[in-house]
Amino acid sequence: MDEALRSELSKQGIFTTTLEDVYNWGRKNSVWPLSFGLACCAIEMIAASMARFDLARFGAEVFRPSPRQADLMIVAGTVTKKMAPQVVRLYNQMPEPKYVIAMGACAISGGPFKQGYNVLKGIDRYIPVDVHIPGCPPRPEALLHAFMTLQAKIDEQALTGQFRPRHLVQDSPSEFPVPEFGEHDLEPPSNPDVWHPPALAKAE
Amino acid sequence: MQSPDNPYLLIIVLLLGAVGFGLLPLALAWLWAKKFSPPKPGQDKNAIYECGLESKGDAWIQFKSEYYLYAIIFLIFDVETIFLLPFAVAFTGLTVGAFIAMMVFLLLLVEGLFWAWQKGVLTWK
């Protein structure tokens, strides 16, 4: 629909919309997170969901204990290499369309434990992360902001065309490969389809 | 309004409307899901466990039935302690008859314990 016509109509008190907008509006206001905490960030996530910060204002108060009923995974805390396969498997078990918020320094990069032999240096090595929140731990307000960012992202998601969500692309696989314990590290150490580290360029 | 030939016609029309009112949203949701939420099954997604761990071994394992006897004996002596406490509290004020009745009660239970001991129930095999 023509944008000018739409604004002209809305001036006359006639509001038009598309099915996609209504669908996304419903989806973004009813996100069900997986109740899944890994470390101290989970305490802030719990605080965000309780009365003082009240995540329910954004329609996300229904924390589901089963991945099959959840569509948002908040990776709240340090992902150890022992836990990483389970995180990926849980993500695989969630129904599409699904979203990931990496909460806290550990989940996005390994944080203060980055040098640790047993800590994964960011969950975005294995699963696609929609919103990263820095902080150690991030305050509940930061999680709320991340959630609002995710809502904006859902709102703009096109159902058709080139940028349609992954599950509507026929050829894309439904699951991400679960890493396994190798001799020294998780194998593979990252999923090249998901993880695109910035290339280091040497200064001449 | 002129009444229709068959008085039940209106009811049928209303019935169809009512059923359609219920079924139409379901059908629309089904069609929408067909188009915009196609099933994407996978090995992990269809797995039985929902805790992120892989299931190991067989679910059809057997539990030892001996535990049942332990549980029964525990329950009996657990109930006995409930009687023992008021017995101990009221001990100085009890009559001889009440004391003997309590002792008989205790004797019966201790007898049972000896019986279980003799049968070898208390030894975990």
# chains A, B, ... in the order shown; residues from 1 in each chain; ligands from 1
$ closest_atom_pairs --of "chain B" --to "chain A" --cutoff "12 Å" --atoms "only C-alpha atoms" --output "Markdown table"
| residue | atom | partner | partner_atom | distance |
| --- | --- | --- | --- | --- |
| B:Ala29 | CA | A:Tyr23 | CA | 11.3 |
| B:Trp32 | CA | A:Tyr23 | CA | 10.1 |
| B:Ala33 | CA | A:Leu168 | CA | 11.1 |
| B:Lys34 | CA | A:Leu168 | CA | 10.7 |
| B:Lys35 | CA | A:Leu168 | CA | 8.6 |
| B:Phe36 | CA | A:Leu168 | CA | 6.7 |
| B:Ser37 | CA | A:Leu168 | CA | 7.2 |
| B:Pro38 | CA | A:Leu168 | CA | 7.1 |
| B:Pro39 | CA | A:Glu96 | CA | 8.5 |
| B:Lys40 | CA | A:Ser174 | CA | 5.6 |
| B:Pro41 | CA | A:Ser174 | CA | 6.8 |
| B:Gly42 | CA | A:Ser174 | CA | 6.4 |
| B:Gln43 | CA | A:Glu175 | CA | 8.2 |
| B:Asp44 | CA | A:Gln93 | CA | 6.0 |
| B:Lys45 | CA | A:Gln93 | CA | 4.2 |
| B:Asn46 | CA | A:Gln93 | CA | 7.5 |
| B:Ala47 | CA | A:Gln93 | CA | 8.0 |
| B:Ile48 | CA | A:Gln93 | CA | 10.1 |
| B:Tyr49 | CA | A:Gln93 | CA | 9.6 |
| B:Glu50 | CA | A:Ser66 | CA | 6.2 |
| B:Cys51 | CA | A:Leu90 | CA | 7.1 |
| B:Gly52 | CA | A:Gln86 | CA | 4.5 |
| B:Leu53 | CA | A:Gln86 | CA | 6.0 |
| B:Glu54 | CA | A:Gln86 | CA | 8.6 |
$ write_last_selection --atoms "C-alpha atoms" --output "PDB file, in the first residue's frame"
ATOM      1  CA  ALA B  29      -4.884 -20.362  12.117  1.00  0.00           C
ATOM      2  CA  TRP B  32      -1.556 -19.503   8.468  1.00  0.00           C
ATOM      3  CA  ALA B  33       0.565 -22.102  10.234  1.00  0.00           C
ATOM      4  CA  LYS B  34       0.792 -24.130   7.023  1.00  0.00           C
ATOM      5  CA  LYS B  35       2.165 -21.136   5.200  1.00  0.00           C
ATOM      6  CA  PHE B  36       4.249 -19.298   7.779  1.00  0.00           C
ATOM      7  CA  SER B  37       5.156 -21.911  10.345  1.00  0.00           C
ATOM      8  CA  PRO B  38       6.127 -25.043   8.443  1.00  0.00           C
ATOM      9  CA  PRO B  39       7.241 -27.969  10.596  1.00  0.00           C
ATOM     10  CA  LYS B  40      10.966 -28.445  10.712  1.00  0.00           C
ATOM     11  CA  PRO B  41      11.640 -31.628  12.598  1.00  0.00           C
ATOM     12  CA  GLY B  42      15.113 -32.799  13.445  1.00  0.00           C
ATOM     13  CA  GLN B  43      16.986 -35.299  15.520  1.00  0.00           C
ATOM     14  CA  ASP B  44      17.422 -32.961  18.506  1.00  0.00           C
ATOM     15  CA  LYS B  45      13.977 -31.435  18.189  1.00  0.00           C
ATOM     16  CA  ASN B  46      12.295 -34.820  18.279  1.00  0.00           C
ATOM     17  CA  ALA B  47      14.424 -36.057  21.166  1.00  0.00           C
ATOM     18  CA  ILE B  48      12.547 -37.256  24.227  1.00  0.00           C
ATOM     19  CA  TYR B  49      14.404 -35.253  26.837  1.00  0.00           C
ATOM     20  CA  GLU B  50      13.857 -31.533  27.185  1.00  0.00           C
ATOM     21  CA  CYS B  51      16.719 -30.800  29.564  1.00  0.00           C
ATOM     22  CA  GLY B  52      19.450 -30.487  26.953  1.00  0.00           C
ATOM     23  CA  LEU B  53      21.051 -33.787  27.859  1.00  0.00           C
ATOM     24  CA  GLU B  54      20.970 -36.840  25.665  1.00  0.00           C
TER      25      GLU B  54
END
$ select_by_dssp --residues "stretch 9-89 of chain B" --states "helix (DSSP H, G or I)" --output "VMD selection string"
chain B and resid 9 to 36 66 to 89
$ write_last_selection --atoms "C-alpha atoms" --output "PDB file, in the first residue's frame"
ATOM      1  CA  LEU B   9     -34.739 -23.581   8.728  1.00  0.00           C
ATOM      2  CA  LEU B  10     -33.782 -20.624  10.904  1.00  0.00           C
ATOM      3  CA  ILE B  11     -32.318 -22.922  13.513  1.00  0.00           C
ATOM      4  CA  ILE B  12     -30.209 -24.674  10.877  1.00  0.00           C
ATOM      5  CA  VAL B  13     -28.964 -21.330   9.589  1.00  0.00           C
ATOM      6  CA  LEU B  14     -28.093 -20.262  13.120  1.00  0.00           C
ATOM      7  CA  LEU B  15     -26.415 -23.610  13.772  1.00  0.00           C
ATOM      8  CA  LEU B  16     -24.255 -23.276  10.667  1.00  0.00           C
ATOM      9  CA  GLY B  17     -23.362 -19.753  11.739  1.00  0.00           C
ATOM     10  CA  ALA B  18     -22.423 -20.889  15.226  1.00  0.00           C
ATOM     11  CA  VAL B  19     -20.288 -23.788  14.008  1.00  0.00           C
ATOM     12  CA  GLY B  20     -18.637 -21.572  11.409  1.00  0.00           C
ATOM     13  CA  PHE B  21     -17.911 -18.948  14.049  1.00  0.00           C
ATOM     14  CA  GLY B  22     -15.985 -21.549  16.000  1.00  0.00           C
ATOM     15  CA  LEU B  23     -14.304 -23.322  13.102  1.00  0.00           C
ATOM     16  CA  LEU B  24     -13.329 -20.327  10.979  1.00  0.00           C
ATOM     17  CA  PRO B  25     -10.615 -18.947  13.336  1.00  0.00           C
ATOM     18  CA  LEU B  26      -9.232 -22.456  13.774  1.00  0.00           C
ATOM     19  CA  ALA B  27      -9.141 -22.993  10.022  1.00  0.00           C
ATOM     20  CA  LEU B  28      -7.494 -19.613   9.471  1.00  0.00           C
ATOM     21  CA  ALA B  29      -4.884 -20.362  12.117  1.00  0.00           C
ATOM     22  CA  TRP B  30      -4.260 -23.754  10.527  1.00  0.00           C
ATOM     23  CA  LEU B  31      -3.826 -22.220   7.081  1.00  0.00           C
ATOM     24  CA  TRP B  32      -1.556 -19.503   8.468  1.00  0.00           C
ATOM     25  CA  ALA B  33       0.565 -22.102  10.234  1.00  0.00           C
ATOM     26  CA  LYS B  34       0.792 -24.130   7.023  1.00  0.00           C
ATOM     27  CA  LYS B  35       2.165 -21.136   5.200  1.00  0.00           C
ATOM     28  CA  PHE B  36       4.249 -19.298   7.779  1.00  0.00           C
ATOM     29  CA  GLU B  66      13.670 -54.947  48.812  1.00  0.00           C
ATOM     30  CA  TYR B  67      13.314 -51.254  49.190  1.00  0.00           C
ATOM     31  CA  TYR B  68       9.601 -51.751  49.685  1.00  0.00           C
ATOM     32  CA  LEU B  69      10.202 -53.768  52.881  1.00  0.00           C
ATOM     33  CA  TYR B  70      12.547 -51.104  54.239  1.00  0.00           C
ATOM     34  CA  ALA B  71       9.893 -48.498  53.541  1.00  0.00           C
ATOM     35  CA  ILE B  72       7.190 -50.496  55.340  1.00  0.00           C
ATOM     36  CA  ILE B  73       9.374 -51.081  58.416  1.00  0.00           C
ATOM     37  CA  PHE B  74      10.392 -47.450  58.473  1.00  0.00           C
ATOM     38  CA  LEU B  75       6.763 -46.377  58.273  1.00  0.00           C
ATOM     39  CA  ILE B  76       5.747 -48.581  61.203  1.00  0.00           C
ATOM     40  CA  PHE B  77       8.504 -47.293  63.474  1.00  0.00           C
ATOM     41  CA  ASP B  78       7.911 -43.776  62.265  1.00  0.00           C
ATOM     42  CA  VAL B  79       4.327 -44.039  63.504  1.00  0.00           C
ATOM     43  CA  GLU B  80       5.562 -45.626  66.703  1.00  0.00           C
ATOM     44  CA  THR B  81       7.640 -42.557  67.561  1.00  0.00           C
ATOM     45  CA  ILE B  82       4.495 -40.442  67.297  1.00  0.00           C
ATOM     46  CA  PHE B  83       3.036 -42.532  70.154  1.00  0.00           C
ATOM     47  CA  LEU B  84       6.311 -42.617  72.058  1.00  0.00           C
ATOM     48  CA  LEU B  85       6.553 -38.859  72.437  1.00  0.00           C
ATOM     49  CA  PRO B  86       3.265 -38.301  74.357  1.00  0.00           C
ATOM     50  CA  PHE B  87       4.047 -41.507  76.271  1.00  0.00           C
ATOM     51  CA  ALA B  88       7.371 -40.047  77.421  1.00  0.00           C
ATOM     52  CA  VAL B  89       5.846 -36.666  78.260  1.00  0.00           C
TER      53      VAL B  89
END
$ closest_atom_pairs --of "stretch 8-34 of chain A" --to "stretch 49-64 of chain A" --cutoff "12 Å" --atoms "only C-alpha atoms" --output "CSV"
residue,atom,partner,partner_atom,distance
A:Trp25,CA,A:Gly59,CA,11.2
A:Gly26,CA,A:Gly59,CA,9.8
A:Arg27,CA,A:Gly59,CA,9.5
A:Lys28,CA,A:Gly59,CA,8.0
A:Asn29,CA,A:Gly59,CA,4.9
A:Ser30,CA,A:Gly59,CA,4.9
A:Val31,CA,A:Ala60,CA,5.1
A:Trp32,CA,A:Val62,CA,5.4
A:Pro33,CA,A:Phe63,CA,5.0
A:Leu34,CA,A:Arg64,CA,5.0
$ residues_around --residues "A:Pro140" --least-positions-apart "5" --cutoff "7 Å" --atoms "only C-alpha atoms" --output "list in words"
Glu44, Met45, Ala47, Ala48 and Phe53 of chain A
$ write_last_selection --atoms "C-alpha atoms" --output "compact mmCIF listing (two decimals), in the first residue's frame"
# COMPACT_ATOMS: atom_id res chain seq x y z
CA GLU A 44 19.31 -10.29 37.27
CA MET A 45 17.06 -12.04 34.76
CA ALA A 47 14.84 -9.79 39.11
CA ALA A 48 13.74 -8.44 35.72
CA PHE A 53 11.19 -4.51 37.14
$ atom_distance --atom1 "atom CA of A:Tyr99" --atom2 "atom CA of A:Asp21"
18.3 Å
$ closest_residue --among "A:His132, A:Lys98, A:His145, A:Arg164" --to "A:Val75" --atoms "only C-alpha atoms"
A:His132
$ closest_residue --among "A:Ser10, A:Thr78, A:Thr16, A:Asn24" --to "A:Lys153" --atoms "only C-alpha atoms"
A:Asn24
$ residues_around --residues "stretch 184-199 of chain A" --least-positions-apart "6" --cutoff "8 Å" --atoms "only C-alpha atoms" --output "list in words"
Lys81, Asp124, Arg125, Tyr126, Ile127, Pro128 and Pro177 of chain A
$ atom_distance --atom1 "atom CA of B:Gln62" --atom2 "atom CA of B:Val121"
19.1 Å
$ select_by_dssp --residues "stretch 22-167 of chain A" --states "strand (DSSP E or B)" --output "PyMOL selection string"
chain A and resi 33-34+37+64+72-76+80+99-103+119+131-133
$ write_last_selection --atoms "C-alpha atoms" --output "PDB file, in the first residue's frame"
ATOM      1  CA  PRO A  33      11.393 -16.944  27.278  1.00  0.00           C
ATOM      2  CA  LEU A  34      12.989 -20.189  28.307  1.00  0.00           C
ATOM      3  CA  GLY A  37      19.957 -19.431  33.828  1.00  0.00           C
ATOM      4  CA  ARG A  64       8.673 -21.741  30.171  1.00  0.00           C
ATOM      5  CA  LEU A  72      13.288 -16.761  23.343  1.00  0.00           C
ATOM      6  CA  MET A  73      16.464 -18.057  24.906  1.00  0.00           C
ATOM      7  CA  ILE A  74      18.150 -15.664  27.314  1.00  0.00           C
ATOM      8  CA  VAL A  75      21.674 -17.012  27.664  1.00  0.00           C
ATOM      9  CA  ALA A  76      22.215 -15.571  31.144  1.00  0.00           C
ATOM     10  CA  THR A  80      31.291 -23.396  30.089  1.00  0.00           C
ATOM     11  CA  TYR A  99      15.408 -15.648  19.234  1.00  0.00           C
ATOM     12  CA  VAL A 100      18.460 -15.430  21.447  1.00  0.00           C
ATOM     13  CA  ILE A 101      19.559 -12.714  23.838  1.00  0.00           C
ATOM     14  CA  ALA A 102      23.152 -13.146  25.011  1.00  0.00           C
ATOM     15  CA  MET A 103      23.119 -11.552  28.442  1.00  0.00           C
ATOM     16  CA  VAL A 119      34.903 -21.235  29.222  1.00  0.00           C
ATOM     17  CA  VAL A 131      20.765  -9.078  20.899  1.00  0.00           C
ATOM     18  CA  HIS A 132      23.994  -8.828  22.898  1.00  0.00           C
ATOM     19  CA  ILE A 133      23.942  -7.131  26.309  1.00  0.00           C
TER      20      ILE A 133
END
